[in-house]
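Chemist: Sharing protein_13.pdb here; it has PDB, C-alpha atoms.
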```pdb
ATOM      1  CA  MET L   1     -11.553  97.111 193.473  1.00  0.00           C
ATOM      2  CA  ILE L   2     -13.524  96.727 196.699  1.00  0.00           C
ATOM      3  CA  ASP L   3     -11.558  96.093 199.886  1.00  0.00           C
ATOM      4  CA  VAL L   4     -12.892  93.016 201.657  1.00  0.00           C
ATOM      5  CA  THR L   5      -9.979  92.472 204.019  1.00  0.00           C
ATOM      6  CA  VAL L   6     -11.229  90.149 206.743  1.00  0.00           C
ATOM      7  CA  ASN L   7     -10.989  91.320 210.354  1.00  0.00           C
ATOM      8  CA  ALA L   8      -8.389  94.063 210.213  1.00  0.00           C
ATOM      9  CA  PRO L   9      -7.565  94.346 213.942  1.00  0.00           C
ATOM     10  CA  GLU L  10      -8.139  98.099 214.182  1.00  0.00           C
ATOM     11  CA  VAL L  11     -11.552  97.825 212.487  1.00  0.00           C
ATOM     12  CA  VAL L  12     -12.595  94.929 214.728  1.00  0.00           C
ATOM     13  CA  ALA L  13     -11.543  97.013 217.759  1.00  0.00           C
ATOM     14  CA  GLU L  14     -13.669  99.971 216.583  1.00  0.00           C
ATOM     15  CA  VAL L  15     -16.751  97.827 216.063  1.00  0.00           C
ATOM     16  CA  ARG L  16     -16.246  95.947 219.335  1.00  0.00           C
ATOM     17  CA  ALA L  17     -16.056  99.235 221.271  1.00  0.00           C
ATOM     18  CA  LEU L  18     -19.256 100.499 219.636  1.00  0.00           C
ATOM     19  CA  PHE L  19     -21.021  97.192 220.300  1.00  0.00           C
ATOM     20  CA  GLU L  20     -20.000  97.270 223.980  1.00  0.00           C
ATOM     21  CA  ARG L  21     -21.215 100.888 224.222  1.00  0.00           C
ATOM     22  CA  TYR L  22     -24.569  99.784 222.801  1.00  0.00           C
ATOM     23  CA  GLU L  23     -24.798  96.845 225.213  1.00  0.00           C
ATOM     24  CA  GLN L  24     -24.128  99.154 228.175  1.00  0.00           C
ATOM     25  CA  ALA L  25     -26.754 101.571 226.888  1.00  0.00           C
ATOM     26  CA  LEU L  26     -29.281  98.704 226.888  1.00  0.00           C
ATOM     27  CA  ILE L  27     -28.503  98.068 230.556  1.00  0.00           C
ATOM     28  CA  ASP L  28     -28.638 101.789 231.397  1.00  0.00           C
ATOM     29  CA  ARG L  29     -31.703 102.451 229.189  1.00  0.00           C
ATOM     30  CA  ASP L  30     -29.741 105.284 227.569  1.00  0.00           C
ATOM     31  CA  ILE L  31     -32.089 106.101 224.695  1.00  0.00           C
ATOM     32  CA  ASP L  32     -29.714 108.713 223.253  1.00  0.00           C
ATOM     33  CA  VAL L  33     -26.914 106.171 222.831  1.00  0.00           C
ATOM     34  CA  LEU L  34     -29.297 103.470 221.581  1.00  0.00           C
ATOM     35  CA  ASP L  35     -30.698 105.849 218.976  1.00  0.00           C
ATOM     36  CA  ALA L  36     -27.242 107.117 217.989  1.00  0.00           C
ATOM     37  CA  THR L  37     -26.155 103.537 217.294  1.00  0.00           C
ATOM     38  CA  PHE L  38     -28.787 102.972 214.610  1.00  0.00           C
ATOM     39  CA  TRP L  39     -28.996 104.534 211.159  1.00  0.00           C
ATOM     40  CA  ASP L  40     -31.731 107.181 211.192  1.00  0.00           C
ATOM     41  CA  SER L  41     -33.484 105.904 208.084  1.00  0.00           C
ATOM     42  CA  PRO L  42     -36.808 104.388 207.082  1.00  0.00           C
ATOM     43  CA  HIS L  43     -34.712 101.513 205.660  1.00  0.00           C
ATOM     44  CA  THR L  44     -33.360 100.415 209.057  1.00  0.00           C
ATOM     45  CA  VAL L  45     -34.898  97.184 210.395  1.00  0.00           C
ATOM     46  CA  ARG L  46     -34.795  95.735 213.908  1.00  0.00           C
ATOM     47  CA  TYR L  47     -36.591  92.501 214.755  1.00  0.00           C
ATOM     48  CA  ALA L  48     -36.850  91.802 218.464  1.00  0.00           C
ATOM     49  CA  LEU L  49     -38.865  89.519 220.705  1.00  0.00           C
ATOM     50  CA  HIS L  50     -41.908  91.807 220.791  1.00  0.00           C
ATOM     51  CA  GLU L  51     -41.143  94.195 217.964  1.00  0.00           C
ATOM     52  CA  HIS L  52     -40.896  94.380 214.217  1.00  0.00           C
ATOM     53  CA  GLY L  53     -39.198  97.730 213.855  1.00  0.00           C
ATOM     54  CA  TYR L  54     -39.399  98.896 210.270  1.00  0.00           C
ATOM     55  CA  GLY L  55     -37.635 102.241 210.107  1.00  0.00           C
ATOM     56  CA  PHE L  56     -35.792 104.285 212.700  1.00  0.00           C
ATOM     57  CA  ALA L  57     -38.954 106.027 213.956  1.00  0.00           C
ATOM     58  CA  ALA L  58     -40.614 102.709 214.851  1.00  0.00           C
ATOM     59  CA  ILE L  59     -37.443 101.433 216.532  1.00  0.00           C
ATOM     60  CA  HIS L  60     -37.194 104.622 218.598  1.00  0.00           C
ATOM     61  CA  ALA L  61     -40.889 104.477 219.566  1.00  0.00           C
ATOM     62  CA  HIS L  62     -40.477 100.918 220.855  1.00  0.00           C
ATOM     63  CA  ARG L  63     -37.446 101.904 222.941  1.00  0.00           C
ATOM     64  CA  VAL L  64     -39.244 104.813 224.556  1.00  0.00           C
ATOM     65  CA  ALA L  65     -42.336 102.714 225.328  1.00  0.00           C
ATOM     66  CA  ARG L  66     -40.399  99.798 226.831  1.00  0.00           C
ATOM     67  CA  PRO L  67     -41.154  99.453 230.543  1.00  0.00           C
ATOM     68  CA  PRO L  68     -38.257  99.887 232.960  1.00  0.00           C
ATOM     69  CA  GLY L  69     -36.662  96.879 234.539  1.00  0.00           C
ATOM     70  CA  PRO L  70     -33.814  94.491 234.022  1.00  0.00           C
ATOM     71  CA  GLY L  71     -33.129  93.127 230.592  1.00  0.00           C
ATOM     72  CA  PHE L  72     -33.369  89.464 229.805  1.00  0.00           C
ATOM     73  CA  LYS L  73     -29.727  88.884 228.871  1.00  0.00           C
ATOM     74  CA  GLY L  74     -27.688  86.698 231.151  1.00  0.00           C
ATOM     75  CA  GLY L  75     -24.121  85.629 230.545  1.00  0.00           C
ATOM     76  CA  ARG L  76     -22.482  85.665 227.158  1.00  0.00           C
ATOM     77  CA  ILE L  77     -21.931  82.388 225.390  1.00  0.00           C
ATOM     78  CA  ARG L  78     -20.197  83.532 222.213  1.00  0.00           C
ATOM     79  CA  LEU L  79     -19.458  86.830 220.487  1.00  0.00           C
ATOM     80  CA  GLU L  80     -18.414  86.868 216.832  1.00  0.00           C
ATOM     81  CA  ILE L  81     -17.365  90.014 215.004  1.00  0.00           C
ATOM     82  CA  LEU L  82     -16.660  89.908 211.284  1.00  0.00           C
ATOM     83  CA  THR L  83     -15.398  92.946 209.421  1.00  0.00           C
ATOM     84  CA  LEU L  84     -15.013  93.088 205.660  1.00  0.00           C
ATOM     85  CA  GLY L  85     -12.865  95.985 204.578  1.00  0.00           C
ATOM     86  CA  ARG L  86     -13.103  99.162 206.616  1.00  0.00           C
ATOM     87  CA  ASP L  87     -16.812  99.887 206.252  1.00  0.00           C
ATOM     88  CA  LEU L  88     -18.892  96.735 206.791  1.00  0.00           C
ATOM     89  CA  ALA L  89     -19.242  94.510 209.846  1.00  0.00           C
ATOM     90  CA  THR L  90     -21.501  91.946 211.422  1.00  0.00           C
ATOM     91  CA  VAL L  91     -21.763  91.238 215.125  1.00  0.00           C
ATOM     92  CA  ASN L  92     -23.377  88.045 216.395  1.00  0.00           C
ATOM     93  CA  LEU L  93     -23.923  87.259 220.042  1.00  0.00           C
ATOM     94  CA  GLU L  94     -25.249  84.144 221.751  1.00  0.00           C
ATOM     95  CA  PHE L  95     -26.269  84.634 225.374  1.00  0.00           C
ATOM     96  CA  GLU L  96     -28.066  82.969 228.240  1.00  0.00           C
ATOM     97  CA  VAL L  97     -31.599  84.188 228.829  1.00  0.00           C
ATOM     98  CA  ARG L  98     -31.962  85.206 232.449  1.00  0.00           C
ATOM     99  CA  GLY L  99     -34.240  82.863 234.383  1.00  0.00           C
ATOM    100  CA  ARG L 100     -35.179  80.695 231.402  1.00  0.00           C
ATOM    101  CA  ASP L 101     -33.753  77.585 229.804  1.00  0.00           C
ATOM    102  CA  LEU L 102     -33.277  79.393 226.492  1.00  0.00           C
ATOM    103  CA  VAL L 103     -30.421  80.661 224.392  1.00  0.00           C
ATOM    104  CA  GLY L 104     -30.666  84.203 223.052  1.00  0.00           C
ATOM    105  CA  ARG L 105     -29.280  85.274 219.706  1.00  0.00           C
ATOM    106  CA  GLN L 106     -28.530  88.775 218.564  1.00  0.00           C
ATOM    107  CA  SER L 107     -27.187  89.905 215.212  1.00  0.00           C
ATOM    108  CA  GLN L 108     -26.315  93.338 213.885  1.00  0.00           C
ATOM    109  CA  THR L 109     -25.135  94.596 210.517  1.00  0.00           C
ATOM    110  CA  TRP L 110     -22.969  97.708 210.793  1.00  0.00           C
ATOM    111  CA  VAL L 111     -22.018 100.112 207.992  1.00  0.00           C
ATOM    112  CA  ARG L 112     -19.576 103.005 208.225  1.00  0.00           C
ATOM    113  CA  PHE L 113     -21.139 106.009 206.491  1.00  0.00           C
ATOM    114  CA  PRO L 114     -18.811 108.812 205.310  1.00  0.00           C
ATOM    115  CA  GLU L 115     -20.615 111.586 207.238  1.00  0.00           C
ATOM    116  CA  LEU L 116     -22.142 109.540 210.063  1.00  0.00           C
ATOM    117  CA  GLY L 117     -19.587 106.942 211.070  1.00  0.00           C
ATOM    118  CA  TRP L 118     -20.601 103.422 212.088  1.00  0.00           C
ATOM    119  CA  LYS L 119     -24.349 102.709 212.269  1.00  0.00           C
ATOM    120  CA  VAL L 120     -26.453  99.570 212.658  1.00  0.00           C
ATOM    121  CA  VAL L 121     -28.627  99.157 209.561  1.00  0.00           C
ATOM    122  CA  ALA L 122     -30.234  95.841 210.502  1.00  0.00           C
ATOM    123  CA  ALA L 123     -30.585  93.916 213.760  1.00  0.00           C
ATOM    124  CA  HIS L 124     -32.310  90.838 215.078  1.00  0.00           C
ATOM    125  CA  VAL L 125     -32.897  89.381 218.541  1.00  0.00           C
ATOM    126  CA  SER L 126     -34.504  86.004 219.170  1.00  0.00           C
ATOM    127  CA  THR L 127     -34.447  83.045 221.529  1.00  0.00           C
ATOM    128  CA  THR L 128     -34.391  79.345 220.947  1.00  0.00           C
ATOM    129  CA  SER L 129     -34.812  76.265 223.076  1.00  0.00           C
ATOM    130  CA  GLU L 130     -33.449  74.003 220.355  1.00  0.00           C
ATOM    131  CA  LEU L 131     -29.836  74.463 221.406  1.00  0.00           C
ATOM    132  CA  PRO L 132     -28.594  73.118 224.709  1.00  0.00           C
ATOM    133  CA  ARG L 133     -27.930  75.823 227.225  1.00  0.00           C
ATOM    134  CA  PRO L 134     -24.260  75.759 228.273  1.00  0.00           C
ATOM    135  CA  ARG L 135     -23.618  74.584 231.810  1.00  0.00           C
TER     136      ARG L 135
END
```
Represent the structure contained in this file as structure tokens.
Modeler:
Amino acid sequence: MIDVTVNAPEVVAEVRALFERYEQALIDRDIDVLDATFWDSPHTVRYALHEHGYGFAAIHAHRVARPPGPGFKGGRIRLEILTLGRDLATVNLEFEVRGRDLVGRQSQTWVRFPELGWKVVAAHVSTTSELPRPR
């Protein structure tokens, strides 16, 4: 039988800590941490505003080529973490887009691999103007 226990507190805490580490690495442009967060596989996918990263190598290449400067994330609107069992999680973040009347959305699918630990296997970042920006 597969364990699909929803949001075991210790698993949520693990994933939250890894997500926050990743978010800080985005701010710091810490390529080593960003790369270590993602599964090193040709099957990993990351869609971003100016990227369709199919495979770890393409995701890494985009990170290295990204020009320095502040990111576009402003304040957080909502963070949702869902864990199912001990080895699968999703993280979804809504955020303000700095300097624009847009809402940003970020999603990640995390898997805990026996030899590797937690890794992001799929991610997506987009913006929308269809939702009202919180005031």
Chemist: Give me, as a list in words, all polymer residues having an atom no more than 9 Å from Arg21 of chain L, counting only C-alpha atoms and skipping those fewer than 3 positions away in the same chain.
Modeler: Arg16, Ala17, Leu18, Gln24, Ala25, Leu26, Val33, Leu34 and Thr37 of chain L
Chemist: Expressed in Å to a single decimal, how great is the separation between atom CA of Glu23 of chain L and atom CA of Val64 of chain L?
Modeler: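 Pair atom CA of Glu23 of chain L / atom CA of Val64 of chain L returns 16.5 Å.
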Chemist: So that I can check the surroundings of Lys119 of chain L, please list as an mmCIF file with C-alpha atoms, in the frame of the given file every protein, DNA and RNA residue that reaches within 7 Å of it, counting all atoms listed in the file and ignoring chain neighbours fewer than 6 positions away.
Modeler:
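Heads up, here's the output in out-v2.cif:
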```
data_model
loop_
_atom_site.group_PDB
_atom_site.id
_atom_site.type_symbol
_atom_site.label_atom_id
_atom_site.label_comp_id
_atom_site.auth_asym_id
_atom_site.auth_seq_id
_atom_site.Cartn_x
_atom_site.Cartn_y
_atom_site.Cartn_z
ATOM 1 C CA THR L 37 -26.155 103.537 217.294
ATOM 2 C CA PHE L 38 -28.787 102.972 214.610
ATOM 3 C CA TRP L 39 -28.996 104.534 211.159
ATOM 4 C CA TRP L 110 -22.969 97.708 210.793
ATOM 5 C CA VAL L 111 -22.018 100.112 207.992
ATOM 6 C CA ARG L 112 -19.576 103.005 208.225
#
```
Chemist: Quick one: contact table of segment 81-109 of chain L to segment 41-59 of chain L, 12 Å max, nearest atom pair and distance in Å to one decimal per residue, counting all atoms listed in the file, chain and number order, as JSON lines?
Modeler:
```
{"residue": "L:Gly104", "atom": "CA", "partner": "L:Leu49", "partner_atom": "CA", "distance": 10.0}
{"residue": "L:Arg105", "atom": "CA", "partner": "L:Ala48", "partner_atom": "CA", "distance": 10.1}
{"residue": "L:Gln106", "atom": "CA", "partner": "L:Ala48", "partner_atom": "CA", "distance": 8.9}
{"residue": "L:Ser107", "atom": "CA", "partner": "L:Arg46", "partner_atom": "CA", "distance": 9.7}
{"residue": "L:Gln108", "atom": "CA", "partner": "L:Arg46", "partner_atom": "CA", "distance": 8.8}
{"residue": "L:Thr109", "atom": "CA", "partner": "L:Val45", "partner_atom": "CA", "distance": 10.1}
```
Chemist: Quick one: of L:Gly74, L:Asp30, L:Ala65, L:Val15, who's nearest to Gly99 of chain L, counting only C-alpha atoms?
Modeler: L:Gly74
Chemist: Applied to this file, what does the PyMOL selection byres ((chain L and resi 81) around 7) return in terms of residues, put as an MDAnalysis selection string?
Modeler: chainID L and resid 12 79:80 82:83 90:92
Chemist: Please, what distance in Å, to one decimal, runs between atom CA of Lys73 of chain L and atom CA of Val97 of chain L?
Modeler: 5.1 Å
Chemist: What is the atom CA of Ile31 of chain L to atom CA of Val120 of chain L distance in Å?
Modeler: 14.8 Å
Chemist: Which is closest to Arg76 of chain L among L:Val103, L:Ala89, L:Ile27, L:Ala123, if we use all atoms listed in the file?
Modeler: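 Residue with the minimum atom-to-atom distance to Arg76 of chain L: L:Val103.
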Chemist: Using 5 Å of padding on each side, determine the axis-aligned box around all atoms of segment 12-31 of chain L present in the file and give its centre and edge lengths in Å to one decimal, as AutoDock Vina command-line options.
Modeler:
```
--center_x -21.8 --center_y 100.5 --center_z 223.1 --size_x 30.5 --size_y 21.2 --size_z 26.7
```
Chemist: Counting only C-alpha atoms, find residues at most 6 Å from (-14.4, 97.7, 201.6) (file frame) and give them as a list in words.
Modeler: Ile2, Asp3, Val4, Gly85, Arg86 and Asp87 of chain L
Chemist: Given only C-alpha atoms as the basis, pick out the residue of L:Val121, L:Glu96, L:Leu88, L:Pro114 nearest to Glu14 of chain L.
Modeler: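 Checking each candidate against Glu14 of chain L, we get L:Leu88 as the closest.
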Chemist: Output segment 69-101 of chain L with N, CA and C atoms present, as a tab-separated table (two decimals), in the coordinates of the input.
Modeler:
```tsv
chain	number	residue	atom	x	y	z
L	69	GLY	N	-36.93	98.16	233.90
L	69	GLY	CA	-36.66	96.88	234.54
L	69	GLY	C	-35.46	96.22	233.92
L	70	PRO	N	-35.01	95.15	234.53
L	70	PRO	CA	-33.81	94.49	234.02
L	70	PRO	C	-34.06	93.86	232.66
L	71	GLY	N	-33.04	93.80	231.88
L	71	GLY	CA	-33.13	93.13	230.59
L	71	GLY	C	-33.15	91.63	230.78
L	72	PHE	N	-33.26	90.91	229.71
L	72	PHE	CA	-33.37	89.46	229.80
L	72	PHE	C	-32.05	88.76	229.50
L	73	LYS	N	-31.00	89.51	229.19
L	73	LYS	CA	-29.73	88.88	228.87
L	73	LYS	C	-29.00	88.45	230.13
L	74	GLY	N	-28.56	87.21	230.10
L	74	GLY	CA	-27.69	86.70	231.15
L	74	GLY	C	-26.26	86.72	230.65
L	75	GLY	N	-25.51	85.69	230.95
L	75	GLY	CA	-24.12	85.63	230.54
L	75	GLY	C	-23.94	85.41	229.05
L	76	ARG	N	-22.82	85.86	228.56
L	76	ARG	CA	-22.48	85.66	227.16
L	76	ARG	C	-21.99	84.24	226.93
L	77	ILE	N	-22.41	83.70	225.80
L	77	ILE	CA	-21.93	82.39	225.39
L	77	ILE	C	-20.85	82.55	224.32
L	78	ARG	N	-21.15	83.35	223.31
L	78	ARG	CA	-20.20	83.53	222.21
L	78	ARG	C	-20.46	84.86	221.52
L	79	LEU	N	-19.39	85.57	221.23
L	79	LEU	CA	-19.46	86.83	220.49
L	79	LEU	C	-18.58	86.68	219.26
L	80	GLU	N	-19.15	86.93	218.09
L	80	GLU	CA	-18.41	86.87	216.83
L	80	GLU	C	-18.53	88.20	216.11
L	81	ILE	N	-17.40	88.78	215.78
L	81	ILE	CA	-17.36	90.01	215.00
L	81	ILE	C	-16.65	89.70	213.71
L	82	LEU	N	-17.27	90.06	212.60
L	82	LEU	CA	-16.66	89.91	211.28
L	82	LEU	C	-16.65	91.27	210.62
L	83	THR	N	-15.48	91.72	210.20
L	83	THR	CA	-15.40	92.95	209.42
L	83	THR	C	-14.88	92.59	208.03
L	84	LEU	N	-15.45	93.24	207.04
L	84	LEU	CA	-15.01	93.09	205.66
L	84	LEU	C	-14.63	94.46	205.15
L	85	GLY	N	-13.34	94.65	204.93
L	85	GLY	CA	-12.86	95.98	204.58
L	85	GLY	C	-12.94	96.88	205.79
L	86	ARG	N	-13.09	98.17	205.54
L	86	ARG	CA	-13.10	99.16	206.62
L	86	ARG	C	-14.50	99.69	206.92
L	87	ASP	N	-15.52	99.23	206.16
L	87	ASP	CA	-16.81	99.89	206.25
L	87	ASP	C	-18.01	98.96	206.43
L	88	LEU	N	-17.78	97.67	206.63
L	88	LEU	CA	-18.89	96.74	206.79
L	88	LEU	C	-18.53	95.73	207.88
L	89	ALA	N	-19.50	95.47	208.76
L	89	ALA	CA	-19.24	94.51	209.85
L	89	ALA	C	-20.54	93.83	210.25
L	90	THR	N	-20.39	92.62	210.77
L	90	THR	CA	-21.50	91.95	211.42
L	90	THR	C	-21.06	91.58	212.83
L	91	VAL	N	-22.01	91.65	213.75
L	91	VAL	CA	-21.76	91.24	215.12
L	91	VAL	C	-22.86	90.23	215.48
L	92	ASN	N	-22.44	89.09	215.99
L	92	ASN	CA	-23.38	88.04	216.40
L	92	ASN	C	-23.06	87.62	217.81
L	93	LEU	N	-24.08	87.60	218.63
L	93	LEU	CA	-23.92	87.26	220.04
L	93	LEU	C	-24.91	86.16	220.41
L	94	GLU	N	-24.40	85.13	221.10
L	94	GLU	CA	-25.25	84.14	221.75
L	94	GLU	C	-25.14	84.40	223.24
L	95	PHE	N	-26.27	84.33	223.94
L	95	PHE	CA	-26.27	84.63	225.37
L	95	PHE	C	-27.30	83.78	226.10
L	96	GLU	N	-27.09	83.64	227.39
L	96	GLU	CA	-28.07	82.97	228.24
L	96	GLU	C	-29.23	83.92	228.48
L	97	VAL	N	-30.42	83.39	228.51
L	97	VAL	CA	-31.60	84.19	228.83
L	97	VAL	C	-31.84	84.05	230.32
L	98	ARG	N	-31.83	85.18	230.99
L	98	ARG	CA	-31.96	85.21	232.45
L	98	ARG	C	-33.26	84.53	232.90
L	99	GLY	N	-33.09	83.52	233.77
L	99	GLY	CA	-34.24	82.86	234.38
L	99	GLY	C	-34.99	81.90	233.49
L	100	ARG	N	-34.48	81.61	232.32
L	100	ARG	CA	-35.18	80.69	231.40
L	100	ARG	C	-34.17	79.72	230.82
L	101	ASP	N	-34.63	78.57	230.43
L	101	ASP	CA	-33.75	77.58	229.80
L	101	ASP	C	-33.76	77.79	228.29
```
